[in-house]
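**Q** This is run_17.tsv, which holds TSV, C-alpha atoms:
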chain	number	residue	atom	x	y	z
A	1	MET	CA	0.00	0.00	0.00
A	2	LEU	CA	2.89	2.40	0.62
A	3	ARG	CA	5.02	1.77	-2.48
A	4	ASP	CA	3.51	4.52	-4.62
A	5	ARG	CA	3.26	7.09	-1.85
A	6	PRO	CA	5.80	9.45	-0.31
A	7	VAL	CA	6.92	7.95	3.00
A	8	TRP	CA	8.83	9.79	5.72
A	9	VAL	CA	9.93	8.19	8.98
A	10	ALA	CA	10.90	10.00	12.17
A	11	GLY	CA	11.39	9.36	15.84
A	12	ASP	CA	13.49	7.14	18.04
A	13	ARG	CA	13.03	4.08	15.84
A	14	ALA	CA	13.13	5.82	12.44
A	15	LEU	CA	16.21	3.96	11.23
A	16	ASP	CA	14.74	0.60	12.27
A	17	LEU	CA	11.58	1.39	10.35
A	18	ALA	CA	13.57	2.60	7.33
A	19	VAL	CA	15.39	-0.74	7.20
A	20	ARG	CA	12.11	-2.65	7.42
A	21	LEU	CA	10.61	-0.54	4.63
A	22	ARG	CA	13.69	-1.08	2.47
A	23	TYR	CA	13.26	-4.86	2.73
A	24	ALA	CA	9.61	-4.37	1.75
A	25	GLU	CA	10.81	-2.33	-1.26
A	26	VAL	CA	9.16	0.87	-0.02
A	27	PRO	CA	11.30	3.96	-0.60
A	28	CYS	CA	11.34	6.35	2.33
A	29	ALA	CA	13.14	9.39	3.66
A	30	VAL	CA	14.40	9.70	7.21
A	31	ALA	CA	13.49	12.99	8.88
A	32	ALA	CA	15.16	14.57	11.90
A	33	GLY	CA	11.77	14.97	13.56
A	34	VAL	CA	8.03	14.92	13.06
A	35	ASP	CA	7.93	18.59	12.04
A	36	GLU	CA	10.41	17.95	9.22
A	37	ALA	CA	8.52	14.86	8.09
A	38	LEU	CA	5.22	16.72	7.99
A	39	SER	CA	6.72	19.67	6.13
A	40	GLY	CA	8.05	17.25	3.50
A	41	SER	CA	4.52	16.46	2.38
A	42	ASP	CA	3.33	18.54	-0.56
A	43	ARG	CA	0.23	16.45	-1.25
A	44	GLY	CA	-2.18	18.11	1.17
A	45	VAL	CA	-3.13	16.41	4.42
A	46	PRO	CA	-0.71	13.56	5.15
A	47	ASP	CA	-1.59	10.14	6.49
A	48	LEU	CA	0.01	9.54	9.86
A	49	ILE	CA	0.99	6.28	11.48
A	50	ALA	CA	2.18	6.68	15.06
A	51	ASN	CA	2.39	4.76	18.28
A	52	TYR	CA	0.19	5.84	21.17
A	53	THR	CA	2.70	8.21	22.79
A	54	ALA	CA	3.67	9.98	19.57
A	55	PHE	CA	0.04	10.32	18.48
A	56	ARG	CA	-0.97	11.72	21.89
A	57	ASP	CA	1.85	14.29	21.71
A	58	LEU	CA	0.85	15.38	18.19
A	59	VAL	CA	-2.80	15.79	19.20
A	60	THR	CA	-1.77	17.86	22.22
A	61	ARG	CA	0.44	20.10	20.03
A	62	SER	CA	-2.32	20.57	17.44
A	63	ARG	CA	-4.71	21.89	20.11
A	64	GLN	CA	-2.36	24.65	21.26
What does the file become when written as structure tokens?
**A**
Amino acid sequence: MLRDRPVWVAGDRALDLAVRLRYAEVPCAVAAGVDEALSGSDRGVPDLIANYTAFRDLVTRSRQ
């Protein structure tokens, strides 16, 4: 599902995820942080996959 989409990874396990995506033949870019990853999207509203803690933090930031 991700092969034809722009994929950015960020966070503590970004490099681990990048390796997993490479084996699945999904090109991705590694970002220094979530802000960089989100700014790399030029296709409107991005899809976001996050663990509970990261998602909670992003929701909190978006409400400020």
**Q** If I take atom CA of A:Gly11 and atom CA of A:Ile49, how far is one from the other in Å, to one decimal?
**A**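 Taking atom CA of A:Gly11 and atom CA of A:Ile49, their separation equals 11.7 Å.
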**Q** Could you check how far atom CA of A:Asn51 sits from atom CA of A:Leu2, in Å to one decimal?
**A**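 Computing the Euclidean distance for atom CA of A:Asn51 and atom CA of A:Leu2 yields 17.8 Å.
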**Q** Show me, as a ChimeraX atom specification, the residues that have an atom within 12 Å of A:Asp47 when counting only C-alpha atoms, minus same-chain residues fewer than 6 positions from it.
**A** /A:2,5-9,37-38,41
**Q** Could you work out how far atom CA of A:Leu21 lies from atom CA of A:Arg61, giving the answer in Å with one decimal?
**A**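 Value for the atom CA of A:Arg61-atom CA of A:Leu21 distance: 27.7 Å.
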**Q** Which polymer residues have any atom within 10 Å of an atom of A:Ala14, counting only C-alpha atoms, with same-chain residues fewer than 6 positions away left out, as a list in words?
**A**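 Residues meeting the cut-off are Trp8, Arg20, Ala29, Val30, Ala31, Ala32 and Gly33 of chain A.
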**Q** Can you tell me which residues surround A:Ala24 at a distance of at most 12 Å, considering all atoms listed in the file, apart from same-chain residues fewer than 6 positions away, and format the answer as a PyMOL selection string?
**A** chain A and resi 1-3+17-18
**Q** How about saving the chosen residues, C-alpha atoms kept, as a short mmCIF file (atom, residue, chain, number, x, y, z; two decimals), keeping the file's coordinate frame?
**A**
data_model
loop_
_atom_site.label_atom_id
_atom_site.label_comp_id
_atom_site.auth_asym_id
_atom_site.auth_seq_id
_atom_site.Cartn_x
_atom_site.Cartn_y
_atom_site.Cartn_z
CA MET A 1 0.00 0.00 0.00
CA LEU A 2 2.89 2.40 0.62
CA ARG A 3 5.02 1.77 -2.48
CA LEU A 17 11.58 1.39 10.35
CA ALA A 18 13.57 2.60 7.33
#
**Q** Mind dumping stretch 10-46 of chain A from that block, keeping N, CA, C and O atoms, as a compact mmCIF listing (two decimals), in the first residue's frame?
**A**
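Below is the file out-v2.txt, written as the result:
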# COMPACT_ATOMS: atom_id res chain seq x y z
N ALA A 10 10.27 9.14 11.17
CA ALA A 10 10.90 10.00 12.17
C ALA A 10 10.75 9.35 13.54
O ALA A 10 9.96 8.43 13.71
N GLY A 11 11.53 9.84 14.48
CA GLY A 11 11.39 9.36 15.84
C GLY A 11 12.54 8.46 16.25
O GLY A 11 13.50 8.25 15.50
N ASP A 12 12.42 7.95 17.46
CA ASP A 12 13.49 7.14 18.04
C ASP A 12 13.81 5.89 17.23
O ASP A 12 14.94 5.43 17.20
N ARG A 13 12.83 5.32 16.58
CA ARG A 13 13.03 4.08 15.84
C ARG A 13 12.97 4.28 14.32
O ARG A 13 12.73 3.34 13.56
N ALA A 14 13.23 5.50 13.87
CA ALA A 14 13.13 5.82 12.44
C ALA A 14 14.05 4.95 11.59
O ALA A 14 13.64 4.45 10.54
N LEU A 15 15.27 4.76 12.03
CA LEU A 15 16.21 3.96 11.23
C LEU A 15 15.78 2.50 11.17
O LEU A 15 15.92 1.85 10.13
N ASP A 16 15.25 1.98 12.27
CA ASP A 16 14.74 0.60 12.27
C ASP A 16 13.60 0.46 11.27
O ASP A 16 13.53 -0.51 10.52
N LEU A 17 12.71 1.43 11.28
CA LEU A 17 11.58 1.39 10.35
C LEU A 17 12.04 1.55 8.91
O LEU A 17 11.54 0.89 8.00
N ALA A 18 13.03 2.41 8.68
CA ALA A 18 13.57 2.60 7.33
C ALA A 18 14.15 1.31 6.79
O ALA A 18 13.96 0.97 5.61
N VAL A 19 14.84 0.55 7.63
CA VAL A 19 15.39 -0.74 7.20
C VAL A 19 14.26 -1.69 6.85
O VAL A 19 14.29 -2.37 5.82
N ARG A 20 13.24 -1.75 7.68
CA ARG A 20 12.11 -2.65 7.42
C ARG A 20 11.41 -2.28 6.11
O ARG A 20 11.06 -3.14 5.31
N LEU A 21 11.25 -0.99 5.87
CA LEU A 21 10.61 -0.54 4.63
C LEU A 21 11.49 -0.86 3.42
O LEU A 21 10.98 -1.21 2.35
N ARG A 22 12.79 -0.75 3.58
CA ARG A 22 13.69 -1.08 2.47
C ARG A 22 13.53 -2.55 2.06
O ARG A 22 13.46 -2.87 0.88
N TYR A 23 13.46 -3.43 3.04
CA TYR A 23 13.26 -4.86 2.73
C TYR A 23 11.90 -5.10 2.07
O TYR A 23 11.76 -6.03 1.29
N ALA A 24 10.92 -4.27 2.37
CA ALA A 24 9.61 -4.37 1.75
C ALA A 24 9.54 -3.61 0.42
O ALA A 24 8.48 -3.50 -0.18
N GLU A 25 10.70 -3.07 0.00
CA GLU A 25 10.81 -2.33 -1.26
C GLU A 25 9.94 -1.07 -1.28
O GLU A 25 9.33 -0.73 -2.30
N VAL A 26 9.89 -0.40 -0.14
CA VAL A 26 9.16 0.87 -0.02
C VAL A 26 10.18 1.97 0.20
O VAL A 26 10.82 2.03 1.24
N PRO A 27 10.36 2.85 -0.79
CA PRO A 27 11.30 3.96 -0.60
C PRO A 27 10.80 4.90 0.49
O PRO A 27 9.60 5.16 0.58
N CYS A 28 11.73 5.40 1.29
CA CYS A 28 11.34 6.35 2.33
C CYS A 28 12.49 7.32 2.59
O CYS A 28 13.62 7.06 2.21
N ALA A 29 12.15 8.41 3.23
CA ALA A 29 13.14 9.39 3.66
C ALA A 29 13.12 9.44 5.18
O ALA A 29 12.06 9.33 5.79
N VAL A 30 14.29 9.59 5.76
CA VAL A 30 14.40 9.70 7.21
C VAL A 30 14.45 11.17 7.57
O VAL A 30 15.28 11.93 7.05
N ALA A 31 13.55 11.60 8.45
CA ALA A 31 13.49 12.99 8.88
C ALA A 31 14.07 13.12 10.29
O ALA A 31 14.02 12.18 11.08
N ALA A 32 14.59 14.30 10.57
CA ALA A 32 15.16 14.57 11.90
C ALA A 32 14.08 14.59 12.98
O ALA A 32 14.35 14.30 14.13
N GLY A 33 12.87 14.92 12.60
CA GLY A 33 11.77 14.97 13.56
C GLY A 33 10.44 15.00 12.85
O GLY A 33 10.36 15.06 11.62
N VAL A 34 9.38 14.96 13.63
CA VAL A 34 8.03 14.92 13.06
C VAL A 34 7.74 16.19 12.26
O VAL A 34 7.13 16.12 11.19
N ASP A 35 8.18 17.33 12.77
CA ASP A 35 7.93 18.59 12.04
C ASP A 35 8.54 18.55 10.64
O ASP A 35 7.92 18.96 9.67
N GLU A 36 9.76 18.05 10.53
CA GLU A 36 10.41 17.95 9.22
C GLU A 36 9.66 16.97 8.32
O GLU A 36 9.46 17.22 7.14
N ALA A 37 9.25 15.85 8.88
CA ALA A 37 8.52 14.86 8.09
C ALA A 37 7.21 15.43 7.57
O ALA A 37 6.86 15.24 6.41
N LEU A 38 6.49 16.14 8.43
CA LEU A 38 5.22 16.72 7.99
C LEU A 38 5.41 17.84 6.98
O LEU A 38 4.60 18.00 6.08
N SER A 39 6.48 18.60 7.09
CA SER A 39 6.72 19.67 6.13
C SER A 39 7.18 19.12 4.78
O SER A 39 7.11 19.80 3.78
N GLY A 40 7.61 17.87 4.75
CA GLY A 40 8.05 17.25 3.50
C GLY A 40 6.90 16.79 2.62
O GLY A 40 7.09 16.39 1.49
N SER A 41 5.69 16.89 3.14
CA SER A 41 4.52 16.46 2.38
C SER A 41 3.96 17.63 1.59
O SER A 41 3.58 18.64 2.17
N ASP A 42 3.91 17.48 0.27
CA ASP A 42 3.33 18.54 -0.56
C ASP A 42 2.02 18.07 -1.20
O ASP A 42 1.56 18.65 -2.15
N ARG A 43 1.45 17.01 -0.67
CA ARG A 43 0.23 16.45 -1.25
C ARG A 43 -0.98 16.70 -0.37
O ARG A 43 -1.87 15.87 -0.29
N GLY A 44 -1.03 17.82 0.33
CA GLY A 44 -2.18 18.11 1.17
C GLY A 44 -2.03 17.47 2.54
O GLY A 44 -0.94 17.40 3.08
N VAL A 45 -3.12 16.99 3.08
CA VAL A 45 -3.13 16.41 4.42
C VAL A 45 -2.46 15.03 4.37
O VAL A 45 -2.88 14.15 3.63
N PRO A 46 -1.41 14.85 5.18
CA PRO A 46 -0.71 13.56 5.15
C PRO A 46 -1.42 12.50 5.99
O PRO A 46 -2.19 12.81 6.90
